[in-house]
Protein chains: 2
Amino acid sequence: MSRLLKLAKDFNCFYFNKSYKDCTPFFIEDCQVGFLRDNVVKAVRQCPEAFVIGPSKQVTLNPGYSTPQERSDAIHQILSKWRSEGLFPALKGWRNECFDVKTSSGNPPLMKMERTGTCLFGVVQYGVHINGYVIHPEKGTCLWLQQRSSTKPTWPGKWDSMVGGGMSSSASPYETAVAESQQEASIPHDLLINVQPAGSVSFFYENERGVYPSVEYVYDLELPGPFVPHNADGEVDSFELVPVAEVTERILSSGYKESSAPVALDFLIRHGHVNAQNEPYLADIIELLHFPLHVTYNTGLSISTS
Amino acid sequence: MSRLLKLAKDFNCFYFNKSYKDCTPFFIEDCQVGFLRDNVVKAVRQCPEAFVIGPSKQVTLNPGYSTPQERSDAIHQILSKWRSEGLFPALKGWRNECFDVKTSSGNPPLMKMERTGTCLFGVVQYGVHINGYVIHPEKGTCLWLQQRSSTKPTWPGKWDSMVGGGMSSSASPYETAVAESQQEASIPHDLLINVQPAGSVSFFYENERGVYPSVEYVYDLELPGPFVPHNADGEVDSFELVPVAEVTERILSSGYKESSAPVALDFLIRHGHVNAQNEPYLADIIELLHFPLHVTYNTGLSISTS
C-alpha cells in the first residue's frame with residue numbers, strides 16, 4: 001500500500017474502521033440520513049417524544065413532524081438541551097449556523113440542523129474549498145495554504161486549503177465560495193471572477209467529536225504571483241505559498257487538517273502532479289476521494305462487510 | 001432526478017439494475033475479482049478441473065493453479081474452448097490481447113485473461129482515454145470526438161472520446177495513451193508531449209454481452225485550432241470538433257457509446273462546464289463517476305441491498 005492510499009483510507013476511517021457496525025442508522029421518514037454512535041443513541045432514548053427507536057437497529061425522527069420546519073424546531077430544541085447539559089464536546093463550539101439535511105445534493109432539505117450537531121447525527125455535511133494556486137516561474141505550480149488560527153475550536157494551528165467553509169442552509173456552493181474567499185483570504189473581486197468550479201470530493205471521516213460524511217465542492221483559482229492573501233475574520237494565522245511536491249508531503253503530515261487533505265489531493269491528481277506514473281494505486285485512491293455517500297444512504301449500497 | 005444523474009445511473013446499471021443479486025462472485029484464492037452471470041456459471045460447471053463451486057454462492061479458480069502463469073494458461077484454454085463452441089457472443093470478437101486481472105490498481109496481476117473474456121468473468125477492465133480539446137476563439141472550449149468505425153464489433157458507428165483503448169497486460173496507462181493516440185488519431189509527438197494526466201473514472205456497467213466494471217485513466221490534451229486528427233488503424237470513421245454545450249447533449253443521446261460517457265462527463269465537470277449552478281445533483285453524479293470498484297471487491301463494501 002502506498003502512503004497516499006493509506007491517507008485515503010485514513011480520511012475514510014469511518015468506513016475502514018468498520019465503525020458503521022457499532023452505529024445505529026438514523027432515518028427521517030423512510031430515508032437514512034445518518035449514523036448514531038452509542039452515546040448519541042443513549043441521549044436520544046431520553047427524548048421519546050422526538051424519536052422512534054427500533055424494533056430493528058434504527059432510530060427514526062418522529063414522523064409526526066411532517067414539515068422541514070417542525071423537524072428543524074424539534075432538533076434545535078434537543079441540541080440546545082444537550083448543549084446546556086454539556087453532554088457532547090462537539091456542541092461546545094455552537095455556531096448558531098444551520099446546515100441542510102438532505103438525501104441527495106439535488107433534493108430539497110428534509111430539515112435544518114445546527115452545524116455543530118451534524119457530526120452527532122452523522123448527516124452529510126456540504127462545504128466548499130478554493131484551491132488558490134500560482135504558476136511560479138521557477139518553482140512551478142504552487143498552492144496557497146492557510147494555517148488555521150490557534151484559537152479555532154476545531155483543528156487549531158493545522159494547515160488547510162487557502163479558503164474553505166461549510167455550506168449554510170440555503171446558501172449555494174458558489175455563494176459560499178465567494179463569501180469565504182472574502183472573509184478568509186480577502187480575495188478581491190477582480191481576481192475572484194477567475195474562480196473555476198472543478199467538481200467535488202466525498203469521504204467518510206470520523207474523529208473523537210463525531211461522524212463526518214463530507215462533500216466538499218472544489219474550486220480552482222489561479223492567482224497572480226504578486227498577490228498575497230490576508231485574513232479578514234481572525235480565523236487564519238498565516239498563509240504560505242507551497243510548491244506542489246511539498247504539498248504532497250504536507251498533506252501526509254500530522255500538521256495538515258486530515259479532513260481537508262482530500263481537497264488538496266484531488267487538486268494534485270486533476271492537475272497531473274499525482275498520476276499513474278508516480279502513484280501505482282491511483283485508481284483506488286480516486287475512488288476513495290469520491291466515497292458513495294449518497295448511494296450508501298439512499299439506494300441500498302450496504303456499508304456492512306459481506 | 002436530472003438527465004445527467006439518470007445517465008450516471010445508466011452507466012452504473014450493473015449496480016442500479018441490482019444484477020449483482022443474480023450473479024455469482026468469482027474468486028482467485030480469497031480475493032473476489034469478478035461476478036459471473038448464470039450462463040457463465042453453467043459453462044463453468046462443465047470445467048470442474050478449473051473451478052471450485054460453492055458451497056455458498058461462489059466460484060473460485062482452482063487453487064491448485066498457484067502462479068499467475070498457470071492461472072492464465074488455464075483460463076486461456078477454457079476461453080478458447082468456449083470460443084470454438086460459439087458459447088458466448090462476446091468471444092466472437094476475440095482479440096489475441098490479454099488484460100491483467102488485479103485486485104487493486106497497484107497490485108501485481110493475479111493472472112492475464114483474453115480481453116474479450118473479461119466481461120464474462122466480470123473482472124475490472126482498465127483503459128485509457130484522451131480528451132482532445134480546443135479553446136476556440138468563438139465557440140469556446142470544444143472537444144474532438146471520434147465516430148467509431150461502422151465495422152467495429154462493439155459499439156459500431158457510435159460517438160466516442162477522441163482517443164481510447166484498453167490497457168493490455170503489462171502496458172502502463174501512459175504507454176497506452178501514447179500508442180492509442182498514434183493509432184487512432186495520428187497525434188504527432190510534438191503535440192502529444194502536452195498530454196496531461198487528470199485522474200480516472202470508475203463505473204459498473206453491463207450490457208447483453210457481459211459485465212463491465214471499468215476504470216478509465218483520463219488524460220487531457222489541448223490541441224491547436226488548425227490540427228485535425230486522422231485515423232491510422234481503420235477503427236474510426238470520422239472526427240468532429242464539438243462545443244462543450246453540445247457534448248452534454250451528445251453524451252445524453254443514444255448515438256454516444258454509453259461506456260465512454262463517464263469520460264466526457266468527467267471532463268465537463270473538471271473544467272467547470274457542468275457545475276453546481278447548472279446541475280443540482282452534481283455531488284451525486286461525481287460519486288457515480290467513481291464507483292468504488294476496488295473497495296467493492298476487496299474490503300468488504302457489500303454491494304447487496306441492506
# chains A, B, ... in the order shown; residues from 1 in each chain; ligands from 1
>>> interface_residues(of="chain A", to="chain B", cutoff="9 Å", atoms="only C-alpha atoms", output="number ranges by chain")
A: 1-2, 15-16, 104-107, 172-174, 196-202, 215-217, 219, 266, 268-277, 279-284, 286-295, 299-306
>>> residues_around(residues="A:Phe88", least_positions_apart="4", cutoff="10 Å", atoms="only C-alpha atoms", output="PyMOL selection string")
chain A and resi 39-40+43+79+82-84+92+116-117+120+209-210
>>> write_last_selection(atoms="N, CA and C atoms", output="mmCIF file, in the first residue's frame")
data_model
loop_
_atom_site.group_PDB
_atom_site.id
_atom_site.type_symbol
_atom_site.label_atom_id
_atom_site.label_comp_id
_atom_site.auth_asym_id
_atom_site.auth_seq_id
_atom_site.Cartn_x
_atom_site.Cartn_y
_atom_site.Cartn_z
ATOM 1 N N ASN A 39 -23.291 6.707 22.219
ATOM 2 C CA ASN A 39 -23.526 7.767 23.203
ATOM 3 C C ASN A 39 -24.669 8.680 22.745
ATOM 4 N N VAL A 40 -24.856 8.816 21.438
ATOM 5 C CA VAL A 40 -25.971 9.618 20.924
ATOM 6 C C VAL A 40 -27.282 8.835 21.046
ATOM 7 N N ALA A 43 -28.531 9.280 24.461
ATOM 8 C CA ALA A 43 -29.161 10.580 24.672
ATOM 9 C C ALA A 43 -30.532 10.642 23.994
ATOM 10 N N LEU A 79 -30.920 19.717 20.593
ATOM 11 C CA LEU A 79 -29.491 20.052 20.597
ATOM 12 C C LEU A 79 -29.204 21.147 21.629
ATOM 13 N N TRP A 82 -29.067 19.450 24.979
ATOM 14 C CA TRP A 82 -27.809 18.705 25.126
ATOM 15 C C TRP A 82 -26.635 19.664 25.349
ATOM 16 N N ARG A 83 -26.699 20.795 24.662
ATOM 17 C CA ARG A 83 -25.626 21.784 24.823
ATOM 18 C C ARG A 83 -25.606 22.311 26.256
ATOM 19 N N SER A 84 -26.800 22.668 26.762
ATOM 20 C CA SER A 84 -26.845 23.247 28.111
ATOM 21 C C SER A 84 -26.442 22.219 29.155
ATOM 22 N N LYS A 92 -19.857 22.314 22.133
ATOM 23 C CA LYS A 92 -19.226 23.467 22.810
ATOM 24 C C LYS A 92 -18.904 24.585 21.828
ATOM 25 N N THR A 116 -22.916 22.335 14.497
ATOM 26 C CA THR A 116 -22.085 21.519 15.397
ATOM 27 C C THR A 116 -22.775 20.214 15.797
ATOM 28 N N GLY A 117 -24.089 20.123 15.516
ATOM 29 C CA GLY A 117 -24.796 18.882 15.845
ATOM 30 C C GLY A 117 -24.737 17.832 14.744
ATOM 31 N N LEU A 120 -22.979 14.602 15.352
ATOM 32 C CA LEU A 120 -23.597 13.675 16.309
ATOM 33 C C LEU A 120 -24.603 12.776 15.600
ATOM 34 N N ARG A 209 -14.860 13.681 18.031
ATOM 35 C CA ARG A 209 -16.027 14.546 18.181
ATOM 36 C C ARG A 209 -17.281 13.945 17.564
ATOM 37 N N GLY A 210 -17.107 13.198 16.470
ATOM 38 C CA GLY A 210 -18.292 12.665 15.812
ATOM 39 C C GLY A 210 -18.023 12.047 14.458
#
>>> atom_distance(atom1="atom CA of B:Pro68", atom2="atom CA of B:Gly122")
18.1 Å
>>> residues_around(residues="A:Gly132", least_positions_apart="2", cutoff="6 Å", atoms="only C-alpha atoms", output="number ranges by chain")
A: 130, 143-144, 162, 221-222
>>> residues_around(residues="A:Glu97", least_positions_apart="4", cutoff="12 Å", atoms="only C-alpha atoms", output="list of chain:residue names")
A:His76, A:Gly93, A:Lys112, A:Met113, A:Glu114, A:Arg115, A:Thr116, A:Gly117, A:Thr118, A:Gly165, A:Gly166, A:Met167, A:Ser168, A:Ser169, A:Ser170, A:Ala171
>>> closest_residue(among="A:Ser259, A:Asn17, A:Gln147, A:Thr141", to="A:Asp237", atoms="only C-alpha atoms")
A:Gln147
>>> atom_distance(atom1="atom CA of A:Ile135", atom2="atom CA of A:Leu252")
22.7 Å
>>> closest_residue(among="B:Ile187, B:Ile78, B:Ile28, B:Leu145", to="B:Ser238", atoms="only C-alpha atoms")
B:Leu145
>>> atom_distance(atom1="atom CA of A:Ala8", atom2="atom CA of A:Glu249")
14.0 Å
>>> closest_residue(among="B:Ala264, B:Met111, B:Ile251, B:Leu61", to="B:Asp10", atoms="only C-alpha atoms")
B:Ile251
>>> closest_residue(among="B:Asp38, B:Asp22, B:Glu49, B:Glu258", to="B:Asn207", atoms="only C-alpha atoms")
B:Glu258
>>> select_by_dssp(residues="stretch 83-252 of chain B", states="strand (DSSP E)", output="compact mmCIF listing (two decimals) with C-alpha atoms, in the first residue's frame")
# COMPACT_ATOMS: atom_id res chain seq x y z
CA CYS B 98 -4.67 -10.02 -22.76
CA PHE B 99 -5.78 -7.82 -19.85
CA ASP B 100 -4.35 -8.12 -16.34
CA VAL B 101 -6.64 -9.37 -13.58
CA MET B 111 -3.37 -13.61 -13.96
CA LYS B 112 -3.91 -12.47 -17.53
CA MET B 113 -7.10 -13.01 -19.49
CA GLU B 114 -8.04 -12.65 -23.16
CA GLN B 125 -11.03 -3.70 -17.01
CA TYR B 126 -8.53 -0.84 -17.15
CA GLY B 127 -8.41 1.52 -20.10
CA VAL B 128 -7.19 4.94 -21.14
CA HIS B 129 -8.98 7.88 -22.79
CA ILE B 130 -7.63 11.16 -24.10
CA ASN B 131 -9.88 14.22 -24.15
CA GLY B 132 -8.60 16.23 -27.09
CA TYR B 133 -9.84 19.79 -26.75
CA VAL B 134 -9.52 23.16 -28.44
CA ILE B 135 -10.10 26.61 -26.95
CA HIS B 136 -11.90 28.06 -29.94
CA GLY B 140 -15.24 28.41 -26.60
CA THR B 141 -14.00 25.04 -25.40
CA CYS B 142 -14.64 22.26 -27.93
CA LEU B 143 -13.93 18.52 -27.66
CA TRP B 144 -12.73 16.37 -30.53
CA LEU B 145 -15.00 13.32 -30.73
CA GLN B 146 -14.43 10.25 -32.85
CA GLN B 147 -17.13 8.30 -34.64
CA ARG B 148 -16.28 4.62 -34.27
CA TRP B 159 -19.57 8.67 -30.94
CA ASP B 160 -16.68 8.26 -28.53
CA SER B 161 -13.70 10.05 -26.95
CA VAL B 163 -8.75 8.51 -28.32
CA GLY B 164 -9.45 5.49 -26.14
CA GLY B 165 -8.27 1.96 -25.66
CA GLY B 166 -7.91 -0.93 -23.26
CA GLN B 196 -1.85 15.92 -19.04
CA PRO B 197 -2.89 13.09 -16.72
CA ALA B 198 -6.11 14.08 -14.96
CA GLY B 199 -7.18 11.12 -12.84
CA SER B 200 -9.58 8.32 -13.64
CA VAL B 201 -13.25 7.37 -13.70
CA SER B 202 -14.71 4.10 -12.37
CA PHE B 203 -18.14 2.71 -13.10
CA PHE B 204 -20.04 -0.59 -13.06
CA TYR B 205 -21.65 -1.16 -16.43
CA GLU B 206 -23.27 -4.19 -18.05
CA ASN B 207 -24.94 -4.97 -21.32
CA GLY B 210 -21.40 -9.13 -20.24
CA VAL B 211 -20.42 -7.34 -17.05
CA TYR B 212 -18.06 -4.36 -17.20
CA PRO B 213 -16.57 -2.96 -14.01
CA SER B 214 -14.41 -0.31 -15.69
CA VAL B 215 -11.58 2.01 -14.75
CA GLU B 216 -10.56 4.56 -17.37
CA TYR B 217 -7.45 6.64 -16.79
CA VAL B 218 -8.13 10.05 -18.30
CA TYR B 219 -5.76 12.45 -20.00
CA ASP B 220 -6.45 15.94 -21.33
CA LEU B 221 -4.69 17.23 -24.41
CA GLU B 222 -5.16 20.82 -25.57
CA VAL B 236 -12.53 5.34 -36.75
CA ASP B 237 -14.91 6.66 -39.40
CA SER B 238 -14.53 10.38 -38.68
CA PHE B 239 -13.67 13.08 -36.15
CA GLU B 240 -15.76 16.11 -35.23
CA LEU B 241 -14.93 19.17 -33.12
CA VAL B 242 -17.91 19.70 -30.82
CA PRO B 243 -18.56 22.68 -28.49
>>> closest_residue(among="A:Glu29, A:Val41, A:Ser80, A:Lys158", to="A:Gly64", atoms="only C-alpha atoms")
A:Glu29
